[in-house]
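Read through the structure below, which is laid out as structure tokens, and then see the notes.
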Amino acid sequence: NEALDENLSEAYKLLLTCSDPSRFNDASRVELTEGMLNEIRNRHMFVPELAIAQDICDVQGEIYSVLHGMSDKQVTSYQANKIQEKFEDFTQYLSPEQIAAGYYNMSIIHRALLGEKDIYDPKENNAEKECLYKVIENTSDYKRIRYCLNRLGPDYVNKGAVRAAYRRALKEATLPGDLYKINISLAEWYENEYKPVIGYAGKEEHQEPLLKAELHYSEALRYSQVSEKPALLKKIAKIQLTQGR
């Protein structure tokens with residue numbers, strides 16, 4: 001978790017402490033060397049969890065070096081794909097949120113190769129998009145979900161994956177502010193999904209997106225600040241009028 005959250009220094013300290021608690025009881029004073037890493041790697045052959053942890057640290061170290069210009073190699077798509085392949089070898093041992101964190105970090109490398117652009121061209125950088133898809137499929141972090149959707153733009157059409165991601169986020173969230181924002185996002189997705197059908201006014205099966213949007217706006221109302229309530233009530237009223245209620 002420390003490595004995937006880009007806290008590499010803390011990650012390696014924990015790795016040393018777990019490898020040999022008596023020798024590295026104060027890992028903050030230890031100067032990490034390649035020889036030391038090779039030494040503990042040999043010891044990890046008999047402890048799969050630590051071997052995987054060290055591999056993840058090393059992959060994240062490569063990502064860090066590339067993004068901060070510390071690598072002696074020029075960043076190329078080939079290099080980025082090789083790092084991604086290394087990470088993907090370990091995904092079967094990771095939790096969904098850890099997988100999402102890894103793919104998020106990989107997407108940053110692919111984005112760096114594309115260069116900073118305000119307008120996202122769907123024909124460009126499929127590698128980054130594939131990583132963002134994987135983040136949406138695995139994460140429960142609404143901030144990561146929103147980042148991915150903002151980066152992908154309106155061309156991302158897998159509404160089911162987005163709704164599933166936001167529902168996972170709802171289960172994990174505990175703070176009122178987070179619950180408010182997640183419910184708002186879900187409500188907006190359902191509201192945008194509604195398409196009026198001529199001749200079917202009032203038919204509930206065609207208004208299901210509106211019913212779900214109203215539900216999530218109502219939930220958001222529970223966690224909203226006083227200043228936010230009038231706008232939410234207007235949204236709920238608008239949806240009810242559309243349903244003929």
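Within each chain, counting starts at residue 1; across the structure tokens, chains are named A, B, ... in the order shown, with ligands numbered 1 upward in that order.
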
Test item: residues at most 9 Å from A:Leu233, only C-alpha atoms, excluding those fewer than 5 positions along its chain, as JSON, numbers by chain
{"A": [217, 218, 221, 228, 238]}

Cut-off 9 Å: closest stretch 134-167 of chain A/stretch 182-185 of chain A atom pairs per residue, using only C-alpha atoms, as CSV:
residue,atom,partner,partner_atom,distance
A:Tyr142,CA,A:Ile182,CA,6.7
A:Arg146,CA,A:Ser185,CA,8.8
A:Tyr166,CA,A:Ile182,CA,6.5
A:Arg167,CA,A:Ile182,CA,8.4

Create the file for the chosen residues now, containing N, CA and C atoms and written as an mmCIF file, in the first residue's frame.
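Heads up, here's the output in part-v9.cif:
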data_model
loop_
_atom_site.group_PDB
_atom_site.id
_atom_site.type_symbol
_atom_site.label_atom_id
_atom_site.label_comp_id
_atom_site.auth_asym_id
_atom_site.auth_seq_id
_atom_site.Cartn_x
_atom_site.Cartn_y
_atom_site.Cartn_z
ATOM 1 N N TYR A 142 -13.845 7.481 -4.940
ATOM 2 C CA TYR A 142 -14.618 8.329 -5.870
ATOM 3 C C TYR A 142 -13.741 9.390 -6.527
ATOM 4 N N ARG A 146 -13.635 9.942 -10.547
ATOM 5 C CA ARG A 146 -13.862 11.237 -11.201
ATOM 6 C C ARG A 146 -12.667 11.637 -12.058
ATOM 7 N N TYR A 166 -19.177 3.679 -8.539
ATOM 8 C CA TYR A 166 -19.731 4.612 -7.564
ATOM 9 C C TYR A 166 -20.482 3.875 -6.448
ATOM 10 N N ARG A 167 -21.132 2.755 -6.777
ATOM 11 C CA ARG A 167 -21.814 1.980 -5.722
ATOM 12 C C ARG A 167 -20.796 1.386 -4.746
#

All residues 12 Å or closer to stretch 79-94 of chain A, only C-alpha atoms, same chain fewer than 3 positions away omitted, as number ranges by chain:
A: 1, 4, 48-67, 71-76, 97-114, 126-128, 130-131, 134, 138

Contacts of A:Cys148 at 9 Å or less, counting only C-alpha atoms, minus same-chain residues fewer than 2 places along, as number ranges by chain?
A: 104, 129, 132-133, 135-136, 143-146, 150-153

Selection above as a file: N, CA, C and O atoms, as a PDB file, in the first residue's frame:
ATOM      1  N   TYR A 104      -3.543   3.258 -11.986  1.00  0.00           N
ATOM      2  CA  TYR A 104      -3.572   4.724 -11.975  1.00  0.00           C
ATOM      3  C   TYR A 104      -2.152   5.269 -12.174  1.00  0.00           C
ATOM      4  O   TYR A 104      -1.925   6.169 -12.986  1.00  0.00           O
ATOM      5  N   LYS A 129      -5.791   4.984 -21.788  1.00  0.00           N
ATOM      6  CA  LYS A 129      -7.224   4.706 -21.624  1.00  0.00           C
ATOM      7  C   LYS A 129      -7.454   3.321 -21.039  1.00  0.00           C
ATOM      8  O   LYS A 129      -8.304   3.140 -20.165  1.00  0.00           O
ATOM      9  N   LEU A 132      -6.932   3.466 -17.409  1.00  0.00           N
ATOM     10  CA  LEU A 132      -8.033   4.155 -16.736  1.00  0.00           C
ATOM     11  C   LEU A 132      -9.262   3.267 -16.646  1.00  0.00           C
ATOM     12  O   LEU A 132      -9.992   3.290 -15.643  1.00  0.00           O
ATOM     13  N   TYR A 133      -9.515   2.452 -17.689  1.00  0.00           N
ATOM     14  CA  TYR A 133     -10.631   1.494 -17.630  1.00  0.00           C
ATOM     15  C   TYR A 133     -10.436   0.544 -16.444  1.00  0.00           C
ATOM     16  O   TYR A 133     -11.384   0.237 -15.712  1.00  0.00           O
ATOM     17  N   VAL A 135      -8.751   1.064 -13.746  1.00  0.00           N
ATOM     18  CA  VAL A 135      -8.963   1.778 -12.484  1.00  0.00           C
ATOM     19  C   VAL A 135     -10.455   1.806 -12.151  1.00  0.00           C
ATOM     20  O   VAL A 135     -10.862   1.475 -11.035  1.00  0.00           O
ATOM     21  N   ILE A 136     -11.284   2.184 -13.120  1.00  0.00           N
ATOM     22  CA  ILE A 136     -12.732   2.267 -12.905  1.00  0.00           C
ATOM     23  C   ILE A 136     -13.301   0.902 -12.522  1.00  0.00           C
ATOM     24  O   ILE A 136     -14.177   0.797 -11.662  1.00  0.00           O
ATOM     25  N   LYS A 143     -12.672   9.799  -5.848  1.00  0.00           N
ATOM     26  CA  LYS A 143     -11.770  10.793  -6.451  1.00  0.00           C
ATOM     27  C   LYS A 143     -11.059  10.200  -7.664  1.00  0.00           C
ATOM     28  O   LYS A 143     -10.875  10.876  -8.682  1.00  0.00           O
ATOM     29  N   ARG A 144     -10.670   8.941  -7.553  1.00  0.00           N
ATOM     30  CA  ARG A 144     -10.033   8.275  -8.701  1.00  0.00           C
ATOM     31  C   ARG A 144     -11.043   8.071  -9.822  1.00  0.00           C
ATOM     32  O   ARG A 144     -10.705   8.200 -11.002  1.00  0.00           O
ATOM     33  N   ILE A 145     -12.279   7.726  -9.458  1.00  0.00           N
ATOM     34  CA  ILE A 145     -13.319   7.540 -10.475  1.00  0.00           C
ATOM     35  C   ILE A 145     -13.509   8.834 -11.261  1.00  0.00           C
ATOM     36  O   ILE A 145     -13.533   8.832 -12.495  1.00  0.00           O
ATOM     37  N   ARG A 146     -13.635   9.942 -10.547  1.00  0.00           N
ATOM     38  CA  ARG A 146     -13.862  11.237 -11.201  1.00  0.00           C
ATOM     39  C   ARG A 146     -12.667  11.637 -12.058  1.00  0.00           C
ATOM     40  O   ARG A 146     -12.833  12.177 -13.148  1.00  0.00           O
ATOM     41  N   ASN A 150     -13.028  12.305 -16.027  1.00  0.00           N
ATOM     42  CA  ASN A 150     -12.630  13.605 -16.581  1.00  0.00           C
ATOM     43  C   ASN A 150     -11.575  13.424 -17.665  1.00  0.00           C
ATOM     44  O   ASN A 150     -11.594  14.122 -18.686  1.00  0.00           O
ATOM     45  N   ARG A 151     -10.687  12.480 -17.445  1.00  0.00           N
ATOM     46  CA  ARG A 151      -9.614  12.250 -18.411  1.00  0.00           C
ATOM     47  C   ARG A 151     -10.141  11.564 -19.673  1.00  0.00           C
ATOM     48  O   ARG A 151      -9.728  11.889 -20.789  1.00  0.00           O
ATOM     49  N   LEU A 152     -11.072  10.627 -19.501  1.00  0.00           N
ATOM     50  CA  LEU A 152     -11.614   9.895 -20.651  1.00  0.00           C
ATOM     51  C   LEU A 152     -12.585  10.744 -21.455  1.00  0.00           C
ATOM     52  O   LEU A 152     -12.726  10.560 -22.667  1.00  0.00           O
ATOM     53  N   GLY A 153     -13.298  11.648 -20.777  1.00  0.00           N
ATOM     54  CA  GLY A 153     -14.230  12.511 -21.489  1.00  0.00           C
ATOM     55  C   GLY A 153     -15.525  11.801 -21.848  1.00  0.00           C
ATOM     56  O   GLY A 153     -15.787  10.669 -21.432  1.00  0.00           O
TER      57      GLY A 153
END

Hey, what's within 8 Å of A:Trp189 if we count only C-alpha atoms and toss same-chain stuff fewer than 2 positions away? As a PyMOL selection string, please?
chain A and resi 159+163+185-187+191-193+213

Could those residues be written to a file, using N, CA and C atoms, as a tab-separated table (two decimals), in the first residue's frame?
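Written file, again11.tsv:
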chain	number	residue	atom	x	y	z
A	159	LYS	N	-21.44	2.77	-19.01
A	159	LYS	CA	-22.15	3.35	-17.86
A	159	LYS	C	-22.27	2.36	-16.71
A	163	ARG	N	-21.36	3.12	-12.80
A	163	ARG	CA	-22.34	2.99	-11.71
A	163	ARG	C	-21.84	1.99	-10.66
A	185	SER	N	-23.01	12.37	-7.89
A	185	SER	CA	-22.44	11.82	-9.13
A	185	SER	C	-23.32	10.71	-9.69
A	186	LEU	N	-23.78	9.81	-8.83
A	186	LEU	CA	-24.65	8.72	-9.29
A	186	LEU	C	-25.96	9.27	-9.84
A	187	ALA	N	-26.54	10.23	-9.14
A	187	ALA	CA	-27.81	10.83	-9.59
A	187	ALA	C	-27.64	11.46	-10.97
A	191	GLU	N	-29.62	10.51	-14.33
A	191	GLU	CA	-30.42	11.55	-14.98
A	191	GLU	C	-30.02	11.70	-16.45
A	192	ASN	N	-28.74	11.67	-16.72
A	192	ASN	CA	-28.25	11.79	-18.11
A	192	ASN	C	-28.59	10.56	-18.95
A	193	GLU	N	-28.84	9.46	-18.28
A	193	GLU	CA	-29.15	8.22	-18.99
A	193	GLU	C	-30.60	8.20	-19.48
A	213	ALA	N	-32.29	8.40	-10.13
A	213	ALA	CA	-31.67	9.71	-9.95
A	213	ALA	C	-32.31	10.42	-8.76

All alpha helix (DSSP H) positions in stretch 6-57 of chain A, as number ranges by chain
A: 8-19, 34-44, 48-57

Could you save the residues just selected, with C-alpha atoms, as a short mmCIF file (atom, residue, chain, number, x, y, z; two decimals), in the first residue's frame?
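Everything below was put into out18.cif:
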data_model
loop_
_atom_site.label_atom_id
_atom_site.label_comp_id
_atom_site.auth_asym_id
_atom_site.auth_seq_id
_atom_site.Cartn_x
_atom_site.Cartn_y
_atom_site.Cartn_z
CA LEU A 8 8.54 4.52 -1.54
CA SER A 9 10.83 5.47 1.32
CA GLU A 10 8.31 4.24 3.90
CA ALA A 11 7.62 1.14 1.82
CA TYR A 12 11.27 0.07 1.74
CA LYS A 13 11.68 0.80 5.46
CA LEU A 14 8.73 -1.48 6.24
CA LEU A 15 10.17 -4.10 3.91
CA LEU A 16 13.51 -4.08 5.76
CA THR A 17 11.85 -4.21 9.18
CA CYS A 18 9.67 -7.18 8.17
CA SER A 19 12.67 -8.94 6.61
CA GLU A 34 21.37 -2.51 -4.23
CA GLY A 35 23.37 -5.15 -2.39
CA MET A 36 21.05 -4.98 0.61
CA LEU A 37 18.00 -5.33 -1.64
CA ASN A 38 19.52 -8.39 -3.34
CA GLU A 39 20.31 -9.87 0.06
CA ILE A 40 16.77 -9.57 1.37
CA ARG A 41 15.38 -10.70 -1.99
CA ASN A 42 17.20 -14.02 -1.58
CA ARG A 43 15.69 -14.34 1.88
CA HIS A 44 12.22 -13.55 0.49
CA PRO A 48 6.02 -15.07 -0.99
CA GLU A 49 4.19 -12.10 0.55
CA LEU A 50 7.46 -10.20 1.11
CA ALA A 51 8.77 -11.18 -2.34
CA ILE A 52 5.64 -9.69 -3.94
CA ALA A 53 5.93 -6.59 -1.74
CA GLN A 54 9.51 -6.07 -2.85
CA ASP A 55 8.57 -6.55 -6.51
CA ILE A 56 5.82 -3.93 -6.17
CA CYS A 57 8.31 -1.54 -4.52
#

Do a neighbour search on A:Leu211 at 10 Å with only C-alpha atoms, toss out local chain neighbours closer than 3 positions, and write the hits as a tab-separated table (two decimals) with C-alpha atoms, in the first residue's frame.
chain	number	residue	atom	x	y	z
A	187	ALA	CA	-27.81	10.83	-9.59
A	190	TYR	CA	-28.85	8.23	-14.01
A	191	GLU	CA	-30.42	11.55	-14.98
A	194	TYR	CA	-32.87	9.02	-19.22
A	204	GLU	CA	-42.34	3.35	-15.13
A	205	GLU	CA	-39.97	1.04	-17.04
A	206	HIS	CA	-38.89	3.98	-19.23
A	207	GLN	CA	-38.56	6.27	-16.21
A	208	GLU	CA	-36.41	3.95	-14.10
A	214	GLU	CA	-34.35	10.99	-7.56
A	215	LEU	CA	-33.33	8.37	-4.99
A	216	HIS	CA	-29.68	9.44	-5.05
A	217	TYR	CA	-30.50	13.16	-5.02
A	236	ILE	CA	-35.67	16.62	-7.24
A	239	ILE	CA	-37.25	15.05	-11.95
A	240	GLN	CA	-40.69	14.61	-10.36
A	243	GLN	CA	-42.36	11.94	-14.35
